[in-house]
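Visitor: I have a structure I would like to understand better, so I am pasting it below and will then ask my questions one at a time.
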Amino acid sequence: QCMQETIQYNACDENNWSDKDVVSKAGGSVYSSTSACGQLKQSYQDYKCSADEDELADGKMACDVDPHMEKRATTHAGWYGAPAPLFCAPKSKVPQAPRWDYKSPWCAPAGNYGHTPPFSDDVPLDTYFEYVRNGGSCKDYSGIKTGGWSFHGDGCKDGSCPGSPAPLFGQPQGRTDVEGCCWWGRGVIQTTGVCNF
C-alpha cells in the first residue's frame, strides 16, 4: 500500500486528483480546493470512530474539528499544470472555494522574462490565503509551469467551486468552503480523517 499511495509519487500529502473524469462520476468542480475536505464523495472531517475505538480511547477517539484551523500541505503532484498543495482555512480567510486552473496562465520559468518567484514552503498563511482569494497564479510551488486559482468555469457557481456531494457522510451538497477541512491523507499510507490522527 505504501508503494501505491505515496512512494511512487513521492507524496507525503494527498494530491488533488479530482479531475474531469472523477467529477463526471462524483460531481463537483474540476480540481476544486474543497478536495481538502474529501474527494470522490467523501467528507474526511465526518469520518466516525467505531464504539470499540472510542472505548479504547476512554470514551472518544476522534479529534475535534476546529473551524479556525489553518494548514497547507507540503507536497503535490508533479505533472505539467498539477494542482497546488491542499489547504484548509476558516471562511473568514477564504470565504469561497476556488478551483485550480491547470491550463492557464502559463508560468515563465526561472531566469526568463516574466518569471514570478514561487512562495517559500513556509509562506505565512495569511499571505497565501490573500493570494488565493485574489485568484493568484504561478507562485504555489517551485517549478510550476502553468496554473492558478479561479472562481469560474468547470463546475463553479456564484463565485465558488463546490466539491462533490458526500451524502453518506451527511453532506448532500458539495462543500463551497475549506473550513475545518484539514483532514486530508498524510504519510506513507495516506492516513485520512478525524478518527485516524
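Residue numbering restarts at 1 for every chain of the C-alpha cells, chains are lettered A, B, ... in their displayed order, and ligands are numbered from 1 as they appear.
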Give me the residues of segment 58-113 of chain A that have any atom at most 12 Å from an atom of segment 33-41 of chain A; for each, the nearest atom pair and the distance in Å, rounded to one decimal. Use only C-alpha atoms, sort by chain and number, and format it as a tab-separated table.
Guide:
residue	atom	partner	partner_atom	distance
A:Val65	CA	A:Cys37	CA	11.6
A:Glu70	CA	A:Ala36	CA	11.7
A:Lys71	CA	A:Ala36	CA	10.2
A:Arg72	CA	A:Ala36	CA	9.7
A:Ala73	CA	A:Ala36	CA	9.4
A:Pro83	CA	A:Ser33	CA	9.0
A:Ala84	CA	A:Ser33	CA	8.9
A:Pro85	CA	A:Ser33	CA	9.1
A:Leu86	CA	A:Ala36	CA	5.5
A:Phe87	CA	A:Ala36	CA	6.2
A:Cys88	CA	A:Ala36	CA	6.7
A:Ala89	CA	A:Ala36	CA	10.2
A:Val94	CA	A:Ser33	CA	10.5
A:Pro95	CA	A:Thr34	CA	11.9
A:Gln96	CA	A:Ser33	CA	9.5
A:Ala97	CA	A:Ser33	CA	5.9
A:Pro98	CA	A:Ser33	CA	5.8
A:Arg99	CA	A:Ser33	CA	5.4
A:Trp100	CA	A:Ser33	CA	7.0
A:Asp101	CA	A:Ser33	CA	10.7
Visitor: Could you turn the residues from that selection into a file that holds N, CA and C atoms, as a PDB file, in the first residue's frame?
Guide:
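File part-v6.pdb, as written:
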ATOM      1  N   VAL A  65     -13.107  18.736  15.219  1.00  0.00           N
ATOM      2  CA  VAL A  65     -12.886  19.584  14.053  1.00  0.00           C
ATOM      3  C   VAL A  65     -12.859  21.025  14.539  1.00  0.00           C
ATOM      4  N   GLU A  70      -5.843  26.161  10.382  1.00  0.00           N
ATOM      5  CA  GLU A  70      -5.264  26.555   9.097  1.00  0.00           C
ATOM      6  C   GLU A  70      -4.079  25.658   8.807  1.00  0.00           C
ATOM      7  N   LYS A  71      -3.982  25.184   7.569  1.00  0.00           N
ATOM      8  CA  LYS A  71      -2.884  24.287   7.207  1.00  0.00           C
ATOM      9  C   LYS A  71      -2.703  24.319   5.709  1.00  0.00           C
ATOM     10  N   ARG A  72      -1.474  24.138   5.280  1.00  0.00           N
ATOM     11  CA  ARG A  72      -1.168  23.994   3.857  1.00  0.00           C
ATOM     12  C   ARG A  72      -0.298  22.766   3.704  1.00  0.00           C
ATOM     13  N   ALA A  73      -0.678  21.874   2.811  1.00  0.00           N
ATOM     14  CA  ALA A  73       0.095  20.656   2.569  1.00  0.00           C
ATOM     15  C   ALA A  73       1.495  21.012   2.068  1.00  0.00           C
ATOM     16  N   PRO A  83      -2.209  20.572  -9.750  1.00  0.00           N
ATOM     17  CA  PRO A  83      -2.798  21.447  -8.736  1.00  0.00           C
ATOM     18  C   PRO A  83      -1.842  21.735  -7.586  1.00  0.00           C
ATOM     19  N   ALA A  84      -2.060  22.876  -6.971  1.00  0.00           N
ATOM     20  CA  ALA A  84      -1.284  23.286  -5.805  1.00  0.00           C
ATOM     21  C   ALA A  84      -1.552  22.342  -4.636  1.00  0.00           C
ATOM     22  N   PRO A  85      -0.682  22.360  -3.622  1.00  0.00           N
ATOM     23  CA  PRO A  85      -0.944  21.559  -2.419  1.00  0.00           C
ATOM     24  C   PRO A  85      -2.300  21.909  -1.802  1.00  0.00           C
ATOM     25  N   LEU A  86      -2.924  20.925  -1.169  1.00  0.00           N
ATOM     26  CA  LEU A  86      -4.197  21.135  -0.485  1.00  0.00           C
ATOM     27  C   LEU A  86      -4.008  22.127   0.667  1.00  0.00           C
ATOM     28  N   PHE A  87      -5.092  22.785   1.060  1.00  0.00           N
ATOM     29  CA  PHE A  87      -5.049  23.690   2.206  1.00  0.00           C
ATOM     30  C   PHE A  87      -6.424  23.758   2.851  1.00  0.00           C
ATOM     31  N   CYS A  88      -6.447  24.200   4.100  1.00  0.00           N
ATOM     32  CA  CYS A  88      -7.706  24.457   4.795  1.00  0.00           C
ATOM     33  C   CYS A  88      -7.606  25.826   5.450  1.00  0.00           C
ATOM     34  N   ALA A  89      -8.745  26.477   5.597  1.00  0.00           N
ATOM     35  CA  ALA A  89      -8.786  27.816   6.185  1.00  0.00           C
ATOM     36  C   ALA A  89     -10.205  28.132   6.620  1.00  0.00           C
ATOM     37  N   VAL A  94     -10.834  32.479   3.761  1.00  0.00           N
ATOM     38  CA  VAL A  94     -11.131  32.047   2.384  1.00  0.00           C
ATOM     39  C   VAL A  94     -12.628  31.746   2.339  1.00  0.00           C
ATOM     40  N   PRO A  95     -13.444  32.779   2.089  1.00  0.00           N
ATOM     41  CA  PRO A  95     -14.905  32.605   2.183  1.00  0.00           C
ATOM     42  C   PRO A  95     -15.498  31.658   1.152  1.00  0.00           C
ATOM     43  N   GLN A  96     -14.923  31.620  -0.048  1.00  0.00           N
ATOM     44  CA  GLN A  96     -15.445  30.759  -1.104  1.00  0.00           C
ATOM     45  C   GLN A  96     -14.304  29.943  -1.699  1.00  0.00           C
ATOM     46  N   ALA A  97     -14.605  28.712  -2.029  1.00  0.00           N
ATOM     47  CA  ALA A  97     -13.590  27.797  -2.535  1.00  0.00           C
ATOM     48  C   ALA A  97     -13.329  28.012  -4.021  1.00  0.00           C
ATOM     49  N   PRO A  98     -12.076  28.271  -4.385  1.00  0.00           N
ATOM     50  CA  PRO A  98     -11.730  28.333  -5.803  1.00  0.00           C
ATOM     51  C   PRO A  98     -11.397  26.940  -6.342  1.00  0.00           C
ATOM     52  N   ARG A  99     -11.138  26.869  -7.615  1.00  0.00           N
ATOM     53  CA  ARG A  99     -10.640  25.644  -8.240  1.00  0.00           C
ATOM     54  C   ARG A  99      -9.271  25.955  -8.843  1.00  0.00           C
ATOM     55  N   TRP A 100      -8.493  24.909  -9.056  1.00  0.00           N
ATOM     56  CA  TRP A 100      -7.191  25.067  -9.691  1.00  0.00           C
ATOM     57  C   TRP A 100      -7.370  24.991 -11.207  1.00  0.00           C
ATOM     58  N   ASP A 101      -6.947  26.029 -11.911  1.00  0.00           N
ATOM     59  CA  ASP A 101      -6.976  26.036 -13.377  1.00  0.00           C
ATOM     60  C   ASP A 101      -5.618  25.541 -13.854  1.00  0.00           C
TER      61      ASP A 101
END
Visitor: Residues of segment 12-193 of chain A classed as strand (DSSP E) by DSSP on the backbone are to be reported as a PyMOL selection string.
Guide: chain A and resi 71-72+87-88+99-106+146-150
Visitor: Store the residues picked out above, limited to all heavy atoms, as a compact mmCIF listing (two decimals), in the first residue's frame.
Guide:
# COMPACT_ATOMS: atom_id res chain seq x y z
N LYS A 71 -3.98 25.18 7.57
CA LYS A 71 -2.88 24.29 7.21
C LYS A 71 -2.70 24.32 5.71
O LYS A 71 -3.66 24.51 4.96
CB LYS A 71 -3.22 22.86 7.67
CG LYS A 71 -2.19 21.83 7.37
CD LYS A 71 -1.28 21.63 8.55
CE LYS A 71 -0.28 20.52 8.27
NZ LYS A 71 1.09 20.97 8.34
N ARG A 72 -1.47 24.14 5.28
CA ARG A 72 -1.17 23.99 3.86
C ARG A 72 -0.30 22.77 3.70
O ARG A 72 0.70 22.60 4.42
CB ARG A 72 -0.44 25.24 3.35
CG ARG A 72 -0.16 25.22 1.87
CD ARG A 72 0.42 26.57 1.42
NE ARG A 72 0.83 26.53 0.03
CZ ARG A 72 2.04 26.83 -0.41
NH1 ARG A 72 2.98 27.22 0.44
NH2 ARG A 72 2.32 26.75 -1.69
N PHE A 87 -5.09 22.79 1.06
CA PHE A 87 -5.05 23.69 2.21
C PHE A 87 -6.42 23.76 2.85
O PHE A 87 -7.44 23.42 2.24
CB PHE A 87 -4.58 25.10 1.79
CG PHE A 87 -5.55 25.85 0.93
CD1 PHE A 87 -6.52 26.66 1.50
CD2 PHE A 87 -5.51 25.74 -0.45
CE1 PHE A 87 -7.44 27.35 0.69
CE2 PHE A 87 -6.40 26.43 -1.26
CZ PHE A 87 -7.37 27.24 -0.68
N CYS A 88 -6.45 24.20 4.10
CA CYS A 88 -7.71 24.46 4.79
C CYS A 88 -7.61 25.83 5.45
O CYS A 88 -6.51 26.29 5.80
CB CYS A 88 -7.99 23.39 5.84
SG CYS A 88 -6.75 23.25 7.13
N ARG A 99 -11.14 26.87 -7.62
CA ARG A 99 -10.64 25.64 -8.24
C ARG A 99 -9.27 25.95 -8.84
O ARG A 99 -8.94 27.11 -9.10
CB ARG A 99 -11.59 25.14 -9.32
CG ARG A 99 -11.63 26.03 -10.53
CD ARG A 99 -12.46 25.45 -11.68
NE ARG A 99 -12.42 26.34 -12.81
CZ ARG A 99 -11.48 26.33 -13.75
NH1 ARG A 99 -10.49 25.46 -13.70
NH2 ARG A 99 -11.49 27.19 -14.75
N TRP A 100 -8.49 24.91 -9.06
CA TRP A 100 -7.19 25.07 -9.69
C TRP A 100 -7.37 24.99 -11.21
O TRP A 100 -7.90 24.01 -11.72
CB TRP A 100 -6.23 23.97 -9.23
CG TRP A 100 -4.87 24.13 -9.81
CD1 TRP A 100 -4.33 23.40 -10.82
CD2 TRP A 100 -3.88 25.08 -9.43
NE1 TRP A 100 -3.05 23.83 -11.10
CE2 TRP A 100 -2.75 24.88 -10.25
CE3 TRP A 100 -3.83 26.09 -8.48
CZ2 TRP A 100 -1.59 25.64 -10.14
CZ3 TRP A 100 -2.68 26.85 -8.36
CH2 TRP A 100 -1.58 26.62 -9.19
N ASP A 101 -6.95 26.03 -11.91
CA ASP A 101 -6.98 26.04 -13.38
C ASP A 101 -5.62 25.54 -13.85
O ASP A 101 -4.63 26.26 -13.76
CB ASP A 101 -7.25 27.45 -13.89
CG ASP A 101 -7.46 27.49 -15.40
OD1 ASP A 101 -7.01 26.54 -16.10
OD2 ASP A 101 -8.04 28.46 -15.89
N TYR A 102 -5.57 24.31 -14.34
CA TYR A 102 -4.30 23.70 -14.73
C TYR A 102 -3.88 24.07 -16.16
O TYR A 102 -2.79 23.70 -16.59
CB TYR A 102 -4.38 22.18 -14.59
CG TYR A 102 -5.37 21.51 -15.51
CD1 TYR A 102 -4.97 20.93 -16.70
CD2 TYR A 102 -6.73 21.46 -15.18
CE1 TYR A 102 -5.89 20.32 -17.54
CE2 TYR A 102 -7.64 20.86 -16.01
CZ TYR A 102 -7.22 20.29 -17.19
OH TYR A 102 -8.13 19.69 -18.02
N LYS A 103 -4.72 24.83 -16.86
CA LYS A 103 -4.41 25.20 -18.24
C LYS A 103 -3.89 26.62 -18.38
O LYS A 103 -3.29 26.96 -19.40
CB LYS A 103 -5.66 25.06 -19.11
CG LYS A 103 -6.20 23.65 -19.19
CD LYS A 103 -7.48 23.64 -20.01
CE LYS A 103 -8.11 22.28 -20.03
NZ LYS A 103 -9.41 22.29 -20.72
N SER A 104 -4.14 27.46 -17.39
CA SER A 104 -3.84 28.87 -17.55
C SER A 104 -3.62 29.52 -16.18
O SER A 104 -4.25 29.11 -15.20
CB SER A 104 -5.02 29.54 -18.25
OG SER A 104 -4.81 30.92 -18.41
N PRO A 105 -2.75 30.51 -16.09
CA PRO A 105 -1.87 31.02 -17.14
C PRO A 105 -0.58 30.21 -17.24
O PRO A 105 -0.26 29.44 -16.34
CB PRO A 105 -1.58 32.45 -16.66
CG PRO A 105 -1.55 32.31 -15.17
CD PRO A 105 -2.63 31.29 -14.84
N TRP A 106 0.14 30.44 -18.30
CA TRP A 106 1.47 29.87 -18.43
C TRP A 106 2.39 30.60 -17.45
O TRP A 106 2.27 31.80 -17.25
CB TRP A 106 1.97 30.06 -19.87
CG TRP A 106 3.38 29.60 -20.05
CD1 TRP A 106 3.81 28.31 -20.17
CD2 TRP A 106 4.55 30.41 -20.18
NE1 TRP A 106 5.17 28.25 -20.33
CE2 TRP A 106 5.65 29.54 -20.34
CE3 TRP A 106 4.77 31.79 -20.15
CZ2 TRP A 106 6.96 30.00 -20.49
CZ3 TRP A 106 6.07 32.25 -20.30
CH2 TRP A 106 7.14 31.36 -20.47
N THR A 146 2.39 25.93 -15.28
CA THR A 146 1.14 26.63 -15.61
C THR A 146 0.16 26.42 -14.47
O THR A 146 0.23 25.42 -13.75
CB THR A 146 0.54 26.12 -16.94
OG1 THR A 146 -0.58 26.91 -17.29
CG2 THR A 146 0.10 24.67 -16.85
N GLY A 147 -0.75 27.39 -14.28
CA GLY A 147 -1.81 27.19 -13.31
C GLY A 147 -2.01 28.31 -12.32
O GLY A 147 -1.10 29.10 -12.06
N GLY A 148 -3.22 28.35 -11.80
CA GLY A 148 -3.58 29.34 -10.80
C GLY A 148 -4.99 29.12 -10.30
O GLY A 148 -5.71 28.24 -10.78
N TRP A 149 -5.38 29.92 -9.33
CA TRP A 149 -6.70 29.80 -8.71
C TRP A 149 -7.76 30.59 -9.48
O TRP A 149 -7.50 31.69 -9.93
CB TRP A 149 -6.63 30.30 -7.26
CG TRP A 149 -5.74 29.43 -6.43
CD1 TRP A 149 -4.49 29.75 -5.95
CD2 TRP A 149 -6.01 28.10 -6.00
NE1 TRP A 149 -3.98 28.69 -5.25
CE2 TRP A 149 -4.89 27.65 -5.27
CE3 TRP A 149 -7.08 27.23 -6.18
CZ2 TRP A 149 -4.82 26.39 -4.70
CZ3 TRP A 149 -7.01 25.96 -5.61
CH2 TRP A 149 -5.89 25.56 -4.89
N SER A 150 -8.94 29.99 -9.62
CA SER A 150 -10.04 30.62 -10.34
C SER A 150 -11.35 30.35 -9.61
O SER A 150 -11.51 29.31 -8.97
CB SER A 150 -10.12 30.05 -11.76
OG SER A 150 -11.25 30.57 -12.43
Visitor: Identify, on the basis of only C-alpha atoms, every residue whose closest approach to segment 17-30 of chain A does not exceed 6 Å; exclude the query and any residue fewer than 4 positions from it along the same chain; express the result as a ChimeraX atom specification.
Guide: /A:40,154-155,161-164
Visitor: Neighbours of Gly185 of chain A within 12 Å (only C-alpha atoms; same-chain residues fewer than 2 positions away dropped), as a ChimeraX atom specification?
Guide: /A:5-6,11-16,35-39,42-45,73-76,85-87,181-183,187-194,196-197
Visitor: Using only N, CA, C and O atoms, please write the residues we just selected to a file, as a CSV table (one decimal), in the first residue's frame.
Guide:
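Final output, saved to again_14.csv:
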chain,number,residue,atom,x,y,z
A,5,GLU,N,0.4,4.2,-2.6
A,5,GLU,CA,-0.2,5.5,-2.2
A,5,GLU,C,0.8,6.7,-2.2
A,5,GLU,O,0.5,7.8,-2.5
A,6,THR,N,2.1,6.4,-1.8
A,6,THR,CA,3.0,7.6,-1.7
A,6,THR,C,4.4,7.4,-2.3
A,6,THR,O,4.9,8.4,-2.8
A,11,ALA,N,5.0,11.5,-2.4
A,11,ALA,CA,3.9,12.4,-1.8
A,11,ALA,C,3.7,12.0,-0.3
A,11,ALA,O,3.5,10.9,0.0
A,12,CYS,N,3.9,13.0,0.5
A,12,CYS,CA,3.5,12.9,1.9
A,12,CYS,C,2.1,13.4,2.2
A,12,CYS,O,1.5,13.0,3.2
A,13,ASP,N,1.6,14.2,1.3
A,13,ASP,CA,0.2,14.7,1.4
A,13,ASP,C,-0.6,14.2,0.3
A,13,ASP,O,-0.1,14.0,-0.8
A,14,GLU,N,-1.9,14.0,0.5
A,14,GLU,CA,-2.8,13.6,-0.6
A,14,GLU,C,-2.8,14.7,-1.7
A,14,GLU,O,-2.7,15.9,-1.4
A,15,ASN,N,-2.8,14.2,-2.9
A,15,ASN,CA,-2.9,15.1,-4.1
A,15,ASN,C,-4.3,15.4,-4.4
A,15,ASN,O,-5.2,14.6,-4.1
A,16,ASN,N,-4.5,16.6,-5.0
A,16,ASN,CA,-5.8,16.9,-5.6
A,16,ASN,C,-6.0,16.1,-6.9
A,16,ASN,O,-5.4,16.5,-7.9
A,35,SER,N,-11.2,19.7,-2.4
A,35,SER,CA,-10.7,18.4,-2.4
A,35,SER,C,-10.0,18.1,-1.0
A,35,SER,O,-9.9,17.0,-0.6
A,36,ALA,N,-9.6,19.2,-0.3
A,36,ALA,CA,-9.0,19.0,1.0
A,36,ALA,C,-10.1,18.5,2.0
A,36,ALA,O,-9.7,17.8,3.0
A,37,CYS,N,-11.4,18.7,1.7
A,37,CYS,CA,-12.4,18.3,2.6
A,37,CYS,C,-12.8,16.8,2.3
A,37,CYS,O,-13.3,16.2,3.2
A,38,GLY,N,-12.5,16.3,1.2
A,38,GLY,CA,-12.8,14.9,0.8
A,38,GLY,C,-12.9,14.9,-0.7
A,38,GLY,O,-13.5,15.8,-1.3
A,39,GLN,N,-12.5,13.8,-1.3
A,39,GLN,CA,-12.6,13.5,-2.7
A,39,GLN,C,-13.5,12.3,-3.0
A,39,GLN,O,-13.6,11.4,-2.1
A,42,GLN,N,-16.4,11.7,-0.4
A,42,GLN,CA,-16.1,11.5,1.0
A,42,GLN,C,-16.1,12.9,1.7
A,42,GLN,O,-15.9,13.9,1.1
A,43,SER,N,-16.2,12.8,3.0
A,43,SER,CA,-16.0,14.0,3.9
A,43,SER,C,-15.1,13.6,5.0
A,43,SER,O,-15.6,13.0,6.0
A,44,TYR,N,-13.9,13.9,4.9
A,44,TYR,CA,-12.9,13.4,5.9
A,44,TYR,C,-13.2,13.9,7.3
A,44,TYR,O,-12.9,13.1,8.3
A,45,GLN,N,-13.7,15.1,7.5
A,45,GLN,CA,-14.0,15.5,8.8
A,45,GLN,C,-15.2,14.9,9.5
A,45,GLN,O,-15.5,15.0,10.7
A,73,ALA,N,-0.7,21.9,2.8
A,73,ALA,CA,0.1,20.7,2.6
A,73,ALA,C,1.5,21.0,2.1
A,73,ALA,O,1.7,22.1,1.6
A,74,THR,N,2.4,20.1,2.1
A,74,THR,CA,3.8,20.3,1.7
A,74,THR,C,4.1,19.7,0.3
A,74,THR,O,5.0,20.1,-0.3
A,75,THR,N,3.3,18.7,0.0
A,75,THR,CA,3.6,18.0,-1.3
A,75,THR,C,2.4,18.1,-2.3
A,75,THR,O,1.3,18.4,-1.8
A,76,HIS,N,2.7,17.8,-3.5
A,76,HIS,CA,1.7,17.9,-4.6
A,76,HIS,C,2.1,17.1,-5.7
A,76,HIS,O,3.3,16.6,-5.8
A,85,PRO,N,-0.7,22.4,-3.6
A,85,PRO,CA,-0.9,21.6,-2.4
A,85,PRO,C,-2.3,21.9,-1.8
A,85,PRO,O,-2.8,23.1,-1.9
A,86,LEU,N,-2.9,20.9,-1.2
A,86,LEU,CA,-4.2,21.1,-0.5
A,86,LEU,C,-4.0,22.1,0.7
A,86,LEU,O,-2.9,22.3,1.2
A,87,PHE,N,-5.1,22.8,1.1
A,87,PHE,CA,-5.0,23.7,2.2
A,87,PHE,C,-6.4,23.8,2.9
A,87,PHE,O,-7.4,23.4,2.2
A,181,CYS,N,-11.4,21.7,7.0
A,181,CYS,CA,-11.1,20.6,6.0
A,181,CYS,C,-9.6,20.3,6.1
A,181,CYS,O,-8.9,20.2,5.0
A,182,CYS,N,-9.1,20.1,7.3
A,182,CYS,CA,-7.6,19.8,7.5
A,182,CYS,C,-7.3,18.4,7.6
A,182,CYS,O,-6.2,18.0,8.2
A,183,TRP,N,-8.2,17.5,7.2
A,183,TRP,CA,-8.0,16.0,7.5
A,183,TRP,C,-7.7,15.2,6.3
A,183,TRP,O,-8.1,14.0,6.2
A,187,GLY,N,1.1,11.0,5.1
A,187,GLY,CA,2.0,9.9,5.5
A,187,GLY,C,2.0,8.8,4.4
A,187,GLY,O,1.4,8.8,3.4
A,188,VAL,N,2.8,7.7,4.8
A,188,VAL,CA,3.0,6.7,3.8
A,188,VAL,C,1.8,5.9,3.4
A,188,VAL,O,1.8,5.3,2.3
A,189,ILE,N,0.8,5.8,4.2
A,189,ILE,CA,-0.5,5.1,3.8
A,189,ILE,C,-1.6,6.1,3.7
A,189,ILE,O,-2.8,5.7,3.7
A,190,GLN,N,-1.3,7.4,3.6
A,190,GLN,CA,-2.3,8.5,3.4
A,190,GLN,C,-3.4,8.4,4.4
A,190,GLN,O,-4.6,8.3,4.1
A,191,THR,N,-3.0,8.4,5.7
A,191,THR,CA,-4.0,8.3,6.8
A,191,THR,C,-4.9,9.5,6.7
A,191,THR,O,-4.4,10.7,6.5
A,192,THR,N,-6.2,9.3,6.8
A,192,THR,CA,-7.2,10.3,6.5
A,192,THR,C,-8.3,10.4,7.5
A,192,THR,O,-8.7,9.3,8.0
A,193,GLY,N,-8.8,11.5,7.8
A,193,GLY,CA,-10.0,11.7,8.7
A,193,GLY,C,-9.7,11.8,10.2
A,193,GLY,O,-8.6,11.5,10.7
A,194,VAL,N,-10.7,12.4,10.9
A,194,VAL,CA,-10.6,12.7,12.3
A,194,VAL,C,-10.3,11.5,13.2
A,194,VAL,O,-9.8,11.7,14.3
A,196,ASN,N,-8.4,8.9,12.5
A,196,ASN,CA,-7.1,8.2,12.3
A,196,ASN,C,-5.9,9.0,12.7
A,196,ASN,O,-4.8,8.5,12.6
A,197,PHE,N,-6.0,10.2,13.1
A,197,PHE,CA,-4.8,11.0,13.5
A,197,PHE,C,-4.6,10.9,15.0
A,197,PHE,O,-5.5,10.9,15.8
Visitor: As JSON, numbers by chain, list the residues of chain A assigned to helix (DSSP H, G or I) by DSSP on the backbone atoms of this structure.
Guide: {"A": [2, 3, 4, 5, 7, 8, 9, 20, 21, 22, 23, 24, 25, 26, 33, 34, 35, 36, 44, 45, 46, 51, 52, 53, 54, 55, 56, 125, 126, 127, 128, 129, 130, 131, 132, 133, 167, 168, 169]}
Visitor: Show me, as a list in words, the residues that have an atom within 8 Å of Cys107 of chain A when counting only C-alpha atoms, minus same-chain residues fewer than 4 positions from it.
Guide: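 The residues that qualify are His115, Thr116, Cys138, Ile144, Lys145, Thr146 and Gly147 of chain A.
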Visitor: Can you measure atom CA of Pro90 of chain A to atom CA of Tyr47 of chain A for me? One decimal in Å is fine.
Guide: 19.7 Å
Visitor: Please compute the atom CA of Val123 of chain A-atom CA of Ser32 of chain A distance, one decimal, in Å.
Guide: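 If I compute the distance from atom CA of Val123 of chain A to atom CA of Ser32 of chain A, I get 21.5 Å.
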Visitor: Ranking A:Glu179, A:Tyr9, A:His152, A:Gly159 by minimum distance to Ala77 of chain A and counting only C-alpha atoms, which one comes first?
Guide: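 With only C-alpha atoms as the atom set, the closest residue is A:Tyr9.
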